[in-house]
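This is run02.pdb. It holds PDB, C-alpha atoms, pLDDT in the B column.
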ATOM      1  CA  MET J   1      40.574   5.450 127.832  1.00 46.00           C
ATOM      2  CA  SER J   2      41.315   8.935 126.855  1.00 47.00           C
ATOM      3  CA  GLU J   3      43.560   9.798 123.970  1.00 49.00           C
ATOM      4  CA  GLU J   4      46.476  12.102 124.534  1.00 49.00           C
ATOM      5  CA  PRO J   5      46.440  15.150 122.325  1.00 50.00           C
ATOM      6  CA  LYS J   6      48.924  14.998 119.524  1.00 50.00           C
ATOM      7  CA  SER J   7      51.469  17.752 119.580  1.00 49.00           C
ATOM      8  CA  SER J   8      52.111  19.494 116.338  1.00 53.00           C
ATOM      9  CA  THR J   9      55.254  21.414 115.491  1.00 51.00           C
ATOM     10  CA  LYS J  10      55.065  24.507 113.316  1.00 51.00           C
ATOM     11  CA  TYR J  11      58.074  25.869 111.453  1.00 45.00           C
ATOM     12  CA  VAL J  12      58.296  29.565 110.676  1.00 46.00           C
ATOM     13  CA  MET J  13      60.482  30.582 107.762  1.00 48.00           C
ATOM     14  CA  VAL J  14      62.382  33.807 108.468  1.00 44.00           C
ATOM     15  CA  GLU J  15      63.703  35.567 105.406  1.00 51.00           C
ATOM     16  CA  SER J  16      66.979  37.398 105.693  1.00 48.00           C
ATOM     17  CA  ASP J  17      66.904  41.166 105.302  1.00 50.00           C
ATOM     18  CA  PRO J  18      68.079  41.941 101.768  1.00 50.00           C
ATOM     19  CA  SER J  19      69.388  45.347 102.838  1.00 48.00           C
ATOM     20  CA  THR J  20      71.814  43.671 105.268  1.00 48.00           C
ATOM     21  CA  ASP J  21      73.188  41.489 102.508  1.00 49.00           C
ATOM     22  CA  GLU J  22      73.503  44.472 100.215  1.00 50.00           C
ATOM     23  CA  ASP J  23      75.361  46.451 102.883  1.00 50.00           C
ATOM     24  CA  GLU J  24      77.768  43.583 103.423  1.00 52.00           C
ATOM     25  CA  ILE J  25      78.309  43.268  99.686  1.00 55.00           C
ATOM     26  CA  ASP J  26      78.832  47.017  99.279  1.00 73.00           C
ATOM     27  CA  LEU J  27      81.333  47.077 102.159  1.00 73.00           C
ATOM     28  CA  LEU J  28      83.262  44.185 100.703  1.00 75.00           C
ATOM     29  CA  GLU J  29      83.221  45.848  97.308  1.00 75.00           C
ATOM     30  CA  LEU J  30      84.552  49.073  98.836  1.00 72.00           C
ATOM     31  CA  ILE J  31      87.388  47.242 100.601  1.00 73.00           C
ATOM     32  CA  ARG J  32      88.217  45.408  97.404  1.00 73.00           C
ATOM     33  CA  THR J  33      88.291  48.690  95.449  1.00 74.00           C
ATOM     34  CA  LEU J  34      90.551  50.361  97.998  1.00 67.00           C
ATOM     35  CA  LEU J  35      92.942  47.435  97.951  1.00 69.00           C
ATOM     36  CA  GLN J  36      93.124  47.592  94.185  1.00 71.00           C
ATOM     37  CA  ALA J  37      93.766  51.368  94.169  1.00 72.00           C
ATOM     38  CA  TRP J  38      96.243  51.494  97.047  1.00 69.00           C
ATOM     39  CA  LYS J  39      99.059  52.529  94.748  1.00 70.00           C
ATOM     40  CA  THR J  40      97.112  55.522  93.471  1.00 75.00           C
ATOM     41  CA  ILE J  41      96.073  56.591  96.985  1.00 72.00           C
ATOM     42  CA  LEU J  42      99.616  56.234  98.266  1.00 72.00           C
ATOM     43  CA  GLY J  43     100.992  58.170  95.298  1.00 75.00           C
ATOM     44  CA  VAL J  44      98.572  61.090  95.781  1.00 77.00           C
ATOM     45  CA  THR J  45      99.329  61.209  99.514  1.00 79.00           C
ATOM     46  CA  VAL J  46     103.082  61.233  98.942  1.00 75.00           C
ATOM     47  CA  LEU J  47     102.751  63.930  96.258  1.00 76.00           C
ATOM     48  CA  CYS J  48     100.653  66.244  98.447  1.00 78.00           C
ATOM     49  CA  THR J  49     103.005  65.764 101.391  1.00 77.00           C
ATOM     50  CA  SER J  50     106.033  66.498  99.197  1.00 69.00           C
ATOM     51  CA  LEU J  51     104.465  69.679  97.831  1.00 72.00           C
ATOM     52  CA  ALA J  52     103.632  70.871 101.342  1.00 68.00           C
ATOM     53  CA  VAL J  53     107.172  70.223 102.569  1.00 67.00           C
ATOM     54  CA  ALA J  54     108.695  71.911  99.516  1.00 62.00           C
ATOM     55  CA  TYR J  55     106.539  74.995  99.994  1.00 57.00           C
ATOM     56  CA  ALA J  56     107.483  75.181 103.678  1.00 54.00           C
ATOM     57  CA  LEU J  57     111.188  74.932 102.814  1.00 55.00           C
ATOM     58  CA  PHE J  58     111.359  77.290  99.840  1.00 58.00           C
ATOM     59  CA  ALA J  59     108.580  79.817 100.516  1.00 54.00           C
ATOM     60  CA  PRO J  60     109.956  83.130 101.804  1.00 64.00           C
ATOM     61  CA  GLU J  61     109.532  83.564 105.529  1.00 76.00           C
ATOM     62  CA  LEU J  62     107.493  86.627 106.448  1.00 81.00           C
ATOM     63  CA  PHE J  63     107.724  88.626 109.648  1.00 91.00           C
ATOM     64  CA  LYS J  64     104.889  90.768 110.924  1.00 93.00           C
ATOM     65  CA  ALA J  65     105.340  94.079 112.727  1.00 93.00           C
ATOM     66  CA  GLU J  66     102.177  95.441 114.312  1.00 93.00           C
ATOM     67  CA  THR J  67     101.351  98.645 116.144  1.00 92.00           C
ATOM     68  CA  LEU J  68      98.150  99.974 117.695  1.00 91.00           C
ATOM     69  CA  LEU J  69      96.924 103.498 117.052  1.00 90.00           C
ATOM     70  CA  ALA J  70      94.558 105.406 119.295  1.00 85.00           C
ATOM     71  CA  PRO J  71      93.158 108.336 117.287  1.00 73.00           C
ATOM     72  CA  ALA J  72      92.985 111.529 119.296  1.00 66.00           C
ATOM     73  CA  GLU J  73      89.544 112.803 120.164  1.00 59.00           C
ATOM     74  CA  GLU J  74      88.931 116.497 120.212  1.00 50.00           C
ATOM     75  CA  GLU J  75      87.479 117.863 123.406  1.00 45.00           C
ATOM     76  CA  LYS J  76      84.106 119.530 123.205  1.00 44.00           C
ATOM     77  CA  SER J  77      85.010 122.854 124.652  1.00 45.00           C
ATOM     78  CA  GLY J  78      82.665 125.788 124.840  1.00 45.00           C
ATOM     79  CA  ALA J  79      84.356 127.275 121.820  1.00 47.00           C
ATOM     80  CA  SER J  80      83.835 124.217 119.635  1.00 51.00           C
ATOM     81  CA  SER J  81      80.215 123.955 120.788  1.00 53.00           C
ATOM     82  CA  ALA J  82      79.611 127.566 119.848  1.00 51.00           C
ATOM     83  CA  LEU J  83      81.358 127.031 116.527  1.00 51.00           C
ATOM     84  CA  SER J  84      78.946 124.230 115.685  1.00 54.00           C
ATOM     85  CA  GLN J  85      76.116 126.769 115.771  1.00 53.00           C
ATOM     86  CA  PHE J  86      77.663 128.338 112.673  1.00 52.00           C
ATOM     87  CA  GLY J  87      77.937 125.017 110.848  1.00 49.00           C
ATOM     88  CA  GLY J  88      75.753 126.179 107.969  1.00 49.00           C
ATOM     89  CA  LEU J  89      77.794 129.289 107.358  1.00 47.00           C
ATOM     90  CA  ALA J  90      81.042 127.364 107.718  1.00 47.00           C
ATOM     91  CA  ALA J  91      79.907 124.789 105.176  1.00 48.00           C
ATOM     92  CA  MET J  92      79.039 127.549 102.719  1.00 45.00           C
ATOM     93  CA  ALA J  93      82.502 128.977 103.217  1.00 43.00           C
ATOM     94  CA  GLY J  94      84.110 125.576 102.622  1.00 45.00           C
ATOM     95  CA  ILE J  95      85.355 125.289 106.202  1.00 46.00           C
ATOM     96  CA  SER J  96      85.308 121.931 107.977  1.00 48.00           C
ATOM     97  CA  ILE J  97      84.300 121.752 111.598  1.00 49.00           C
ATOM     98  CA  PRO J  98      86.208 119.088 113.570  1.00 49.00           C
ATOM     99  CA  SER J  99      84.360 115.937 114.522  1.00 47.00           C
ATOM    100  CA  ASP J 100      84.562 114.158 117.851  1.00 43.00           C
ATOM    101  CA  SER J 101      86.856 111.443 116.450  1.00 53.00           C
ATOM    102  CA  ASN J 102      89.104 111.112 113.412  1.00 75.00           C
ATOM    103  CA  VAL J 103      89.131 107.307 113.222  1.00 84.00           C
ATOM    104  CA  GLU J 104      87.687 107.242 109.719  1.00 86.00           C
ATOM    105  CA  GLN J 105      90.151 109.912 108.619  1.00 86.00           C
ATOM    106  CA  VAL J 106      93.082 107.891 109.957  1.00 90.00           C
ATOM    107  CA  VAL J 107      91.983 104.665 108.240  1.00 91.00           C
ATOM    108  CA  ALA J 108      91.243 106.453 104.966  1.00 91.00           C
ATOM    109  CA  THR J 109      94.614 108.221 105.042  1.00 93.00           C
ATOM    110  CA  LEU J 110      96.591 105.034 105.678  1.00 94.00           C
ATOM    111  CA  ASN J 111      94.846 103.292 102.770  1.00 94.00           C
ATOM    112  CA  SER J 112      95.010 106.224 100.367  1.00 94.00           C
ATOM    113  CA  ARG J 113      97.251 105.926  97.323  1.00 95.00           C
ATOM    114  CA  LYS J 114      98.407 109.518  97.753  1.00 94.00           C
ATOM    115  CA  PHE J 115      99.694 108.833 101.270  1.00 96.00           C
ATOM    116  CA  LEU J 116     101.422 105.582 100.275  1.00 96.00           C
ATOM    117  CA  ARG J 117     102.920 107.150  97.150  1.00 96.00           C
ATOM    118  CA  ALA J 118     104.459 109.940  99.230  1.00 95.00           C
ATOM    119  CA  TYR J 119     105.897 107.411 101.685  1.00 96.00           C
ATOM    120  CA  ILE J 120     107.380 105.211  98.937  1.00 97.00           C
ATOM    121  CA  GLU J 121     108.929 108.183  97.145  1.00 95.00           C
ATOM    122  CA  ARG J 122     110.298 109.745 100.328  1.00 94.00           C
ATOM    123  CA  ASN J 123     112.019 106.532 101.393  1.00 95.00           C
ATOM    124  CA  LYS J 124     112.913 105.293  97.874  1.00 95.00           C
ATOM    125  CA  LEU J 125     111.264 101.917  98.499  1.00 96.00           C
ATOM    126  CA  THR J 126     110.710 100.752  94.923  1.00 96.00           C
ATOM    127  CA  PRO J 127     114.119  98.977  94.722  1.00 96.00           C
ATOM    128  CA  VAL J 128     113.396  97.346  98.083  1.00 95.00           C
ATOM    129  CA  LEU J 129     109.953  96.163  97.035  1.00 95.00           C
ATOM    130  CA  PHE J 130     111.371  94.674  93.830  1.00 96.00           C
ATOM    131  CA  ASP J 131     114.805  93.676  95.056  1.00 93.00           C
ATOM    132  CA  GLU J 132     114.808  90.489  92.956  1.00 93.00           C
ATOM    133  CA  ILE J 133     115.224  92.582  89.788  1.00 95.00           C
ATOM    134  CA  TRP J 134     117.327  95.401  91.276  1.00 95.00           C
ATOM    135  CA  ASP J 135     121.078  95.549  90.786  1.00 94.00           C
ATOM    136  CA  ALA J 136     122.334  97.351  93.891  1.00 91.00           C
ATOM    137  CA  ASP J 137     125.934  97.523  92.671  1.00 92.00           C
ATOM    138  CA  ASN J 138     125.098  99.250  89.402  1.00 92.00           C
ATOM    139  CA  GLN J 139     121.983 101.003  90.706  1.00 92.00           C
ATOM    140  CA  ALA J 140     119.962  99.729  87.748  1.00 94.00           C
ATOM    141  CA  TRP J 141     117.067  97.416  86.996  1.00 95.00           C
ATOM    142  CA  LYS J 142     117.809  93.938  85.712  1.00 94.00           C
ATOM    143  CA  VAL J 143     115.103  94.010  83.052  1.00 92.00           C
ATOM    144  CA  PRO J 144     115.201  93.696  79.242  1.00 93.00           C
ATOM    145  CA  SER J 145     113.888  97.207  78.594  1.00 91.00           C
ATOM    146  CA  PRO J 146     112.850 100.356  80.471  1.00 89.00           C
ATOM    147  CA  GLU J 147     109.208  99.435  79.829  1.00 91.00           C
ATOM    148  CA  ASP J 148     109.663  96.453  82.139  1.00 92.00           C
ATOM    149  CA  GLU J 149     110.809  98.544  85.092  1.00 94.00           C
ATOM    150  CA  PRO J 150     108.412  98.675  88.070  1.00 95.00           C
ATOM    151  CA  THR J 151     106.047 101.611  87.799  1.00 94.00           C
ATOM    152  CA  GLU J 152     104.740 103.826  90.552  1.00 94.00           C
ATOM    153  CA  GLN J 153     101.401 102.018  90.439  1.00 95.00           C
ATOM    154  CA  LYS J 154     103.075  98.620  90.800  1.00 95.00           C
ATOM    155  CA  ALA J 155     105.098  99.875  93.761  1.00 96.00           C
ATOM    156  CA  ILE J 156     101.952 101.112  95.521  1.00 96.00           C
ATOM    157  CA  LYS J 157     100.149  97.827  94.810  1.00 96.00           C
ATOM    158  CA  SER J 158     103.106  95.812  96.136  1.00 96.00           C
ATOM    159  CA  PHE J 159     103.346  97.904  99.289  1.00 96.00           C
ATOM    160  CA  LYS J 160      99.597  97.688  99.936  1.00 95.00           C
ATOM    161  CA  ALA J 161      99.923  93.889  99.800  1.00 94.00           C
ATOM    162  CA  CYS J 162     102.304  94.130 102.782  1.00 95.00           C
ATOM    163  CA  LEU J 163     100.107  96.599 104.689  1.00 96.00           C
ATOM    164  CA  SER J 164      97.058  95.786 106.790  1.00 95.00           C
ATOM    165  CA  VAL J 165      94.886  98.386 108.544  1.00 94.00           C
ATOM    166  CA  ASP J 166      92.025  97.157 110.747  1.00 93.00           C
ATOM    167  CA  GLU J 167      89.675  99.095 112.993  1.00 90.00           C
ATOM    168  CA  ASP J 168      88.302  97.643 116.216  1.00 88.00           C
ATOM    169  CA  LYS J 169      84.756  98.972 116.416  1.00 84.00           C
ATOM    170  CA  LYS J 170      84.460  98.256 120.140  1.00 85.00           C
ATOM    171  CA  SER J 171      87.690  99.800 121.416  1.00 85.00           C
ATOM    172  CA  GLY J 172      88.149 102.368 118.663  1.00 84.00           C
ATOM    173  CA  LEU J 173      91.781 101.281 118.245  1.00 90.00           C
ATOM    174  CA  ILE J 174      93.367 100.910 114.832  1.00 93.00           C
ATOM    175  CA  SER J 175      95.773  98.059 114.133  1.00 94.00           C
ATOM    176  CA  LEU J 176      98.501  98.743 111.580  1.00 95.00           C
ATOM    177  CA  SER J 177     100.700  95.830 110.537  1.00 96.00           C
ATOM    178  CA  ILE J 178     103.455  95.269 107.988  1.00 96.00           C
ATOM    179  CA  SER J 179     104.434  91.802 106.732  1.00 95.00           C
ATOM    180  CA  TRP J 180     107.897  91.539 105.178  1.00 95.00           C
ATOM    181  CA  LYS J 181     110.761  89.070 104.879  1.00 92.00           C
ATOM    182  CA  ASP J 182     113.070  91.251 106.999  1.00 93.00           C
ATOM    183  CA  PRO J 183     111.788  91.878 110.561  1.00 93.00           C
ATOM    184  CA  ASP J 184     113.849  95.057 110.994  1.00 95.00           C
ATOM    185  CA  ILE J 185     112.487  96.575 107.791  1.00 95.00           C
ATOM    186  CA  ALA J 186     108.936  95.596 108.719  1.00 95.00           C
ATOM    187  CA  ALA J 187     109.263  97.327 112.099  1.00 95.00           C
ATOM    188  CA  GLN J 188     110.856 100.401 110.522  1.00 96.00           C
ATOM    189  CA  TRP J 189     108.076 100.741 107.954  1.00 96.00           C
ATOM    190  CA  ALA J 190     105.377 100.418 110.596  1.00 95.00           C
ATOM    191  CA  ASN J 191     106.971 103.099 112.793  1.00 95.00           C
ATOM    192  CA  ASP J 192     107.687 105.420 109.864  1.00 96.00           C
ATOM    193  CA  LEU J 193     104.115 105.153 108.603  1.00 96.00           C
ATOM    194  CA  VAL J 194     102.801 106.230 111.996  1.00 94.00           C
ATOM    195  CA  LYS J 195     105.275 109.126 112.062  1.00 95.00           C
ATOM    196  CA  GLN J 196     104.269 110.310 108.587  1.00 95.00           C
ATOM    197  CA  LEU J 197     100.594 109.917 109.498  1.00 94.00           C
ATOM    198  CA  ASN J 198     100.983 112.126 112.581  1.00 93.00           C
ATOM    199  CA  GLU J 199     102.811 114.773 110.555  1.00 93.00           C
ATOM    200  CA  GLN J 200     100.174 114.818 107.833  1.00 92.00           C
ATOM    201  CA  LEU J 201      97.234 114.947 110.245  1.00 89.00           C
ATOM    202  CA  ARG J 202      98.903 117.709 112.252  1.00 88.00           C
ATOM    203  CA  GLU J 203      99.514 119.775 109.105  1.00 89.00           C
ATOM    204  CA  GLN J 204      95.927 119.202 108.010  1.00 86.00           C
ATOM    205  CA  ALA J 205      94.599 120.257 111.416  1.00 81.00           C
ATOM    206  CA  ILE J 206      96.667 123.471 111.313  1.00 83.00           C
ATOM    207  CA  ALA J 207      95.449 124.238 107.787  1.00 83.00           C
ATOM    208  CA  ASP J 208      91.831 123.693 108.808  1.00 80.00           C
ATOM    209  CA  SER J 209      92.301 125.864 111.875  1.00 77.00           C
ATOM    210  CA  LYS J 210      93.741 128.696 109.746  1.00 78.00           C
ATOM    211  CA  LYS J 211      90.710 128.476 107.472  1.00 81.00           C
ATOM    212  CA  ARG J 212      88.434 128.812 110.465  1.00 76.00           C
ATOM    213  CA  VAL J 213      90.440 131.784 111.723  1.00 76.00           C
ATOM    214  CA  GLY J 214      89.983 133.543 108.401  1.00 76.00           C
ATOM    215  CA  TYR J 215      86.293 132.756 108.380  1.00 76.00           C
ATOM    216  CA  LEU J 216      85.800 134.035 111.931  1.00 72.00           C
ATOM    217  CA  GLU J 217      87.731 137.222 111.212  1.00 75.00           C
ATOM    218  CA  GLU J 218      85.469 137.925 108.248  1.00 75.00           C
ATOM    219  CA  GLU J 219      82.356 137.301 110.324  1.00 72.00           C
ATOM    220  CA  LEU J 220      83.694 139.442 113.148  1.00 70.00           C
ATOM    221  CA  ALA J 221      84.306 142.332 110.742  1.00 76.00           C
ATOM    222  CA  LYS J 222      80.780 142.094 109.311  1.00 74.00           C
ATOM    223  CA  THR J 223      78.663 141.768 112.461  1.00 71.00           C
ATOM    224  CA  THR J 224      77.680 144.735 114.639  1.00 71.00           C
ATOM    225  CA  LEU J 225      75.850 142.858 117.400  1.00 66.00           C
ATOM    226  CA  GLN J 226      77.886 142.987 120.583  1.00 68.00           C
ATOM    227  CA  ASP J 227      76.798 139.550 121.812  1.00 62.00           C
ATOM    228  CA  MET J 228      77.664 137.984 118.475  1.00 64.00           C
ATOM    229  CA  ARG J 229      81.001 139.793 118.366  1.00 66.00           C
ATOM    230  CA  ALA J 230      81.856 138.481 121.826  1.00 71.00           C
ATOM    231  CA  VAL J 231      81.119 134.901 120.752  1.00 66.00           C
ATOM    232  CA  LEU J 232      83.094 135.255 117.540  1.00 64.00           C
ATOM    233  CA  TYR J 233      86.004 136.846 119.365  1.00 65.00           C
ATOM    234  CA  ASN J 234      86.195 133.951 121.831  1.00 70.00           C
ATOM    235  CA  LEU J 235      86.059 131.461 118.976  1.00 69.00           C
ATOM    236  CA  LEU J 236      88.755 133.365 117.141  1.00 67.00           C
ATOM    237  CA  GLU J 237      91.106 133.325 120.131  1.00 71.00           C
ATOM    238  CA  SER J 238      90.527 129.608 120.585  1.00 69.00           C
ATOM    239  CA  GLU J 239      91.333 128.861 116.945  1.00 65.00           C
ATOM    240  CA  LYS J 240      94.449 131.052 116.958  1.00 66.00           C
ATOM    241  CA  GLN J 241      95.873 128.914 119.742  1.00 65.00           C
ATOM    242  CA  LYS J 242      95.480 125.827 117.546  1.00 62.00           C
ATOM    243  CA  ALA J 243      96.787 127.414 114.337  1.00 57.00           C
TER     244      ALA J 243
END
Show me this structure written as structure tokens.
Amino acid sequence: MSEEPKSSTKYVMVESDPSTDEDEIDLLELIRTLLQAWKTILGVTVLCTSLAVAYALFAPELFKAETLLAPAEEEKSGASSALSQFGGLAAMAGISIPSDSNVEQVVATLNSRKFLRAYIERNKLTPVLFDEIWDADNQAWKVPSPEDEPTEQKAIKSFKACLSVDEDKKSGLISLSISWKDPDIAAQWANDLVKQLNEQLREQAIADSKKRVGYLEEELAKTTLQDMRAVLYNLLESEKQKA
């Protein structure tokens, strides 16, 4: 008679992962901490929201007037090409030869303190820039002493804060914008700046052309070579039309 094999049962003890327990404990601790500090969190949230609303209500509203400038490019005529051959002599004489584009000149002029000072003085903008301390009825500053009155440097700094000049490298266009609390004034300033810029650049171009005329006349009087005289004469006629 055969004996049946006895079955044996084995028990395997599986230990719980301590990291899981720690995560559960940490999560519970975090929830408990948040519940205890709910008043502080709510108070900070309400305070930040109130400050944001107050700033939106009481901050001065600014309007932006923007215009695009396309600097004129000088054509490379035969006269200007011939003039470039005398670049060394012109430089010695202190005469500037026009470049193909005046983008850098336009940007530098708009940002220059001399240009902005002239615009502020011409349009008497200091009282407008500091209208909070200007008494329009009495035409006087509402300050304790004359030393506290806005200076020319402060007026330029204040106006530059309203002005933005950006150059688009790809298109070559220049963006000029004015940000101010009055949209009509912002638009007027933007248009007037462009007008003054055109006037100044035109006057500068005429002055440079007159310098070149004088230089060419001197060279024409000194040279005896017929071919050179013919070139100089053509250049001189071309510059006289610009001057």
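Distances here use all atoms listed in the file; by that measure, the residue among J:Val106, J:Phe63, J:Arg32, J:Ala140 closest to Leu176 (chain J) is J:Val106.
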(Q) One decimal, in Å: what's the spacing between CA of Ala187 (chain J) and CA of Ala65 (chain J)? (A) 5.1 Å
Q) Hey, what's within 12 Å of region 195-197 of chain J if we count all atoms listed in the file and toss same-chain stuff fewer than 2 positions away? As a PyMOL selection string, please? A) chain J and resi 67+69+71+105-112+114-120+122-123+176+188-193+199-204
(Q) List as a ChimeraX atom specification the protein and nucleic acid residues near Trp180 (chain J), meaning an atom at most 12 Å away when all atoms listed in the file are counted, but skip any in the same chain fewer than 2 places from it. (A) /J:60-66,128-129,158-164,177-178,182-190
Q: Enter the distance from CA of Gln36 (chain J) to CA of Cys48 (chain J), in Å, rounded to one decimal.
A: 20.6 Å
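Across the structure, CA of Leu216 (chain J) and CA of Ala230 (chain J) are spaced 11.5 Å apart.
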(Q) Show me, as a list in words, the residues that have an atom within 12 Å of Ser171 (chain J) when counting all atoms listed in the file, minus same-chain residues fewer than 2 positions from it. (A)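 Returned residues: Leu68, Leu69, Ala70, Pro71, Val103, Asp166, Glu167, Asp168, Lys169, Leu173, Ile174 and Ser175 of chain J.
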Q) Restricting the calculation to all atoms listed in the file, which member of J:Asp137, J:Leu51, J:Ile156, J:Ser145 is positioned closest to Lys124 (chain J)? A)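 Closest to Lys124 (chain J), using all atoms listed in the file: J:Ile156.
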